[in-house]
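Report on the structure given below.
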Amino acid sequence: MPDGMNVNYDGLIPNNVDLNTDARVRKALETWHPGYIDWWKDMGPEGFQESLVYLRTAIGVDPKGWAKFDYVKMPEYKWGILLAPAVPDRKIPFGKHKGEPAWQEVPGEYRALLRRLIVVQGDTEPASVEQQRHLGATAPSLYDLRNLFQVNVEEGRHLWAMVYLLHKYFGTEGREEAEELLQRRSGHADTPRMLGAFNEATPDWLSFFMFTYFTDRDGKMQLEALAQSGFDPLSRTCRFMLTEEAHHMFVGDSGVQRVVERTVEAMKAAGITDPHDVAAVRALGVIDLPTIQKKMNLHFSLTLDLFGNEISTNAANAFNAGIKGRYREDKLDDDHSLIDATYPVLRCIDGKLVEEQVPALSALNLRLRNDYVQDAQTGVVRWNRVIEKAGYDFRLSLPHVAFYRHIGEFANIHADPAGNILSESEWNARKDEFLPNDSDADYITSLMVPVAEPGKYAGWIAPPKMGIDNKPGDFEYVQIVA
Ligand SMILES: [Fe+2]
Ligand SMILES: [Fe+2]
């Protein structure tokens, strides 16, 4: 077998990184473990810790068969440390060290930079578990409940993945960072999580689907960029995390689609012709399309902020150093050093949006964000097909990148979803048209009643086309134990 394909399942921590022969790191992780379990019990899914959940667990890193499905109690989930197989003779693919052998140890000069990137990535993983911890109480079906928990346990594993790197490669500082990852709390006034979108509430299941579609997709883009890293253990870690991440986005993508399906189906059955007749649609107990659009506006714009400033010396430094690459760097056909290249950036100058050419190295955050927007567009096209097929003249769309931004070029202006600049008073007068308001939130909350009978679904969401692991429609994905 290629290096790294063997997973050891004997000890407390399943792994393919030879923990058995690395007493120092094994000890450090075993010491960290009880704190993690305490965190999971305190801040993980509320009310379902004793229930049996039909979950997949990573048992290997072979793309053809890396997971097995079974019933588990979540606190007993096997959170393992799994790295994608090493690529023999891998070289640093970009930046000023391009072509040199990939690093197997942390290069001293980039220690602080690498640690920071790993901690920021690591912090998002437990944050999303915290944000989603109340959703179990209102799950629209056992199928959805199981998907929520699957996402949650895997975000927990992603935390393990980053904590392993911290313990293995960053000494005392790494250990302290690993502790702090268990101490920050999403939305906490004094010790919040590090990034804005991970301190927002996920109050209902439409938000959950939007979050897994839009915000987990930011995770995908960040992992893709780090998977290119010249620091090989980070690259291998992120490559394996991406296999799990795909399911998280599937949950969001199919979740939103099922909401849209149910809405247009109910509208058609009731003979409603105007999708903007919100009161008539809501009387049917489904979520009207304009409200779905508003939720999209919110989650998309919050997620764009995660890419940071469009123009960034940090991003340039990380690329130059060979630490964080571009999306699919290995598939790009250029010199991979970008010294003389330029890149167009939409900027806000004197209150107007203008495109400017800037050095490509300084625009790498934006470039990743542009790749993200393109990737995020694919689901919207699918959702619109459902609306079109039902015969409705309504299309969902991603808002303009200047809409409702808190970081970067557009943080100091107001724009509508089409990108028209608004004055402060215009924004205040109209923001309820663009973003979910209190009455939208109250309506959605009123729909959030749990459905726990196998094969049954809440009235605002269509059943999925297929079960998980090919299970039949009435499969009991969660055996609830109160
Ligand atoms: Fe994750
Ligand atoms: Fe995720």
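So you can find residues: chains in the structure tokens are A, B, ... in the order shown, residues in each start at 1, and ligands are numbered from 1 in order.
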
### Task
Please check which protein, DNA or RNA residues sit within 9 Å of ligand 2, counting only C-alpha atoms and all ligand atoms, and write them as a ChimeraX atom specification.
/A:125,128,151-152,154-155,158,212,215-217,219-220,241-242,244-249

Please identify all polymer residues within 6 Å of A:Gly95, counting only C-alpha atoms, omitting same-chain residues fewer than 2 positions from it, and present them as a CSV table (one decimal) with N, CA, C and O atoms, in the first residue's frame.
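The resulting file, part.csv, is shown below:
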chain,number,residue,atom,x,y,z
A,97,HIS,N,9.8,29.6,-3.7
A,97,HIS,CA,10.5,28.3,-3.5
A,97,HIS,C,10.0,27.3,-4.5
A,97,HIS,O,10.3,26.1,-4.3
A,98,LYS,N,9.3,27.7,-5.4
A,98,LYS,CA,8.7,26.8,-6.4
A,98,LYS,C,9.8,25.8,-7.0
A,98,LYS,O,10.9,26.2,-7.3
A,319,PHE,N,1.5,33.5,-0.4
A,319,PHE,CA,1.7,32.9,-1.7
A,319,PHE,C,3.2,32.9,-2.0
A,319,PHE,O,3.7,31.8,-2.4
A,320,ASN,N,3.8,34.0,-1.9
A,320,ASN,CA,5.3,34.1,-2.1
A,320,ASN,C,6.0,33.1,-1.4
A,320,ASN,O,7.0,32.5,-1.9
A,321,ALA,N,5.6,32.8,-0.1
A,321,ALA,CA,6.3,31.9,0.8
A,321,ALA,C,6.1,30.5,0.4
A,321,ALA,O,6.7,29.6,0.9
A,322,GLY,N,5.1,30.2,-0.5
A,322,GLY,CA,4.7,28.8,-0.8
A,322,GLY,C,3.8,28.2,0.2
A,322,GLY,O,3.7,26.9,0.3
A,337,SER,N,4.4,32.3,-10.1
A,337,SER,CA,5.1,33.2,-9.2
A,337,SER,C,4.5,34.6,-9.2
A,337,SER,O,4.6,35.3,-8.2

### Pairwise distance for atom CA of A:Arg282 and atom CA of A:Phe209, rounded to one decimal in Å
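Separating atom CA of A:Arg282 from atom CA of A:Phe209 is a distance of 19.6 Å.
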
### Query
Residues at most 6 Å from A:Tyr343, counting only C-alpha atoms, excluding those fewer than 4 positions away in the same chain, as a ChimeraX atom specification?
/A:357-358,360

#### Entry: Shortest interatomic distance to A:Gln228 - which of A:Gly271, A:Pro126, A:Gly252, A:Pro93, counting only C-alpha atoms
A:Pro93

### Query
Taking into account only C-alpha atoms and all ligand atoms, which residue in the set A:Val17, A:Met162, A:Leu398, A:Ile81 is nearest to ligand 1?
A:Met162

### Task
Please provide the set of residues having any atom within 10 Å of stretch 198-204 of chain A, restricted to only C-alpha atoms, with same-chain residues fewer than 5 positions apart removed, written as number ranges by chain.
A: 123-135, 138-139, 185-189, 192-193, 209-211, 215, 299, 302-303, 306, 441, 444-445, 447-448

List the neighbours of A:Ile118 out to 9 Å using only C-alpha atoms; skip same-chain residues closer than 3 positions along the sequence, and give me the result as a PDB file with C-alpha atoms, in the first residue's frame.
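That gives us part_10.pdb:
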ATOM      1  CA  LEU A 113       2.430  32.665   9.320  1.00  0.00           C
ATOM      2  CA  LEU A 114       1.648  28.938   9.166  1.00  0.00           C
ATOM      3  CA  ARG A 115       0.496  28.772  12.744  1.00  0.00           C
ATOM      4  CA  GLN A 121      -8.959  27.427   9.867  1.00  0.00           C
ATOM      5  CA  GLY A 122      -9.194  25.364  13.053  1.00  0.00           C
ATOM      6  CA  ASP A 123     -11.341  27.981  14.787  1.00  0.00           C
ATOM      7  CA  MET A 162      -5.792  21.171  12.821  1.00  0.00           C
ATOM      8  CA  VAL A 163      -5.014  20.374  16.451  1.00  0.00           C
ATOM      9  CA  LEU A 165      -0.758  19.877  13.200  1.00  0.00           C
ATOM     10  CA  LEU A 166      -0.467  22.305  16.119  1.00  0.00           C
ATOM     11  CA  LEU A 234      -0.939  20.742   5.839  1.00  0.00           C
TER      12      LEU A 234
END

### Message
Would you pick out the contacts of A:Glu329 at 12 Å or less, using only C-alpha atoms, so that residues sharing its chain but fewer than 5 positions from it are not included, and give the list as number ranges by chain?
### Response
A: 92-95, 98, 221, 224-230, 319, 322, 324, 334-338, 364, 367-368, 371

Let me see the file: selected residues, C-alpha atoms, as a short mmCIF file (atom, residue, chain, number, x, y, z; two decimals), in the first residue's frame.
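Writing done, so here's out38.cif:
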data_model
loop_
_atom_site.label_atom_id
_atom_site.label_comp_id
_atom_site.auth_asym_id
_atom_site.auth_seq_id
_atom_site.Cartn_x
_atom_site.Cartn_y
_atom_site.Cartn_z
CA ILE A 92 6.53 23.23 -3.71
CA PRO A 93 4.16 24.22 -6.51
CA PHE A 94 4.30 28.05 -6.43
CA GLY A 95 5.95 31.15 -4.99
CA LYS A 98 8.70 26.78 -6.44
CA MET A 221 -12.04 27.20 -1.09
CA GLU A 224 -8.27 23.95 -1.65
CA ALA A 225 -5.82 26.85 -1.32
CA LEU A 226 -4.10 25.22 1.67
CA ALA A 227 -4.08 21.81 -0.04
CA GLN A 228 -1.62 23.40 -2.47
CA SER A 229 0.72 24.36 0.38
CA GLY A 230 4.43 23.65 0.23
CA PHE A 319 1.70 32.91 -1.67
CA GLY A 322 4.73 28.84 -0.83
CA LYS A 324 -1.13 29.18 0.60
CA ASP A 334 1.17 30.30 -15.74
CA ASP A 335 4.53 30.87 -14.04
CA HIS A 336 3.08 30.27 -10.51
CA SER A 337 5.07 33.17 -9.15
CA LEU A 338 2.94 36.11 -10.42
CA LEU A 364 -5.11 36.77 -4.24
CA ARG A 367 -9.06 35.87 -6.89
CA LEU A 368 -10.10 33.10 -4.48
CA ASP A 371 -13.48 31.44 -7.92
#

### Message
Can you tell me which residues surround stretch 53-69 of chain A at a distance of at most 6 Å, considering only C-alpha atoms, apart from same-chain residues fewer than 3 positions away, and format the answer as a list in words?
### Response
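Counting only the stated atoms, we get Val7, Val72, Ala84, Tyr477 and Val478 of chain A.
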
### Task
Check the smallest atom-to-atom distance from each of A:Gly308, A:Val449, A:Ile272, A:Phe214 to A:Thr378 using only C-alpha atoms, then report the winner.
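So, comparing all the options, the nearest one is A:Phe214.
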
### Task
Looking only at alpha helix (DSSP H) from DSSP on the backbone, list the matching residues of stretch 271-334 of chain A as a list in words.
Val278, Ala279, Ala280, Val281, Arg282, Leu289, Pro290, Thr291, Ile292, Gln293, Lys294, Lys295, Met296, Asn297, Leu298, His299, Phe300, Ser301, Leu302, Thr303, Leu304, Thr313, Asn314, Ala315, Ala316, Asn317, Ala318, Phe319 and Asn320 of chain A

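We find atom CA of A:Asp232 and atom CA of A:Gly156 to be spaced 22.1 Å apart.
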
### Query
Hey, which of A:Ser141, A:Gln222, A:Thr291, A:Gln377 ends up closest to ligand 1? Count only C-alpha atoms and all ligand atoms.
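Under the stated criterion, the closest residue is A:Gln222.
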
### Message
If you run DSSP on the backbone here, which positions in stretch 386-439 of chain A get strand (DSSP E)? Please write them as number ranges by chain.
### Response
A: 414-415, 421-422

### Query
Counting only C-alpha atoms, which of A:Lys465, A:Ser362, A:Trp205, A:Ser301 gets nearest to A:His406?
A:Ser301

### Message
For a test of reading the model, state the distance in Å between atom CA of A:Ala363 and atom CA of A:Glu310, rounded to one decimal.
### Response
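Going from atom CA of A:Ala363 over to atom CA of A:Glu310 covers 5.8 Å.
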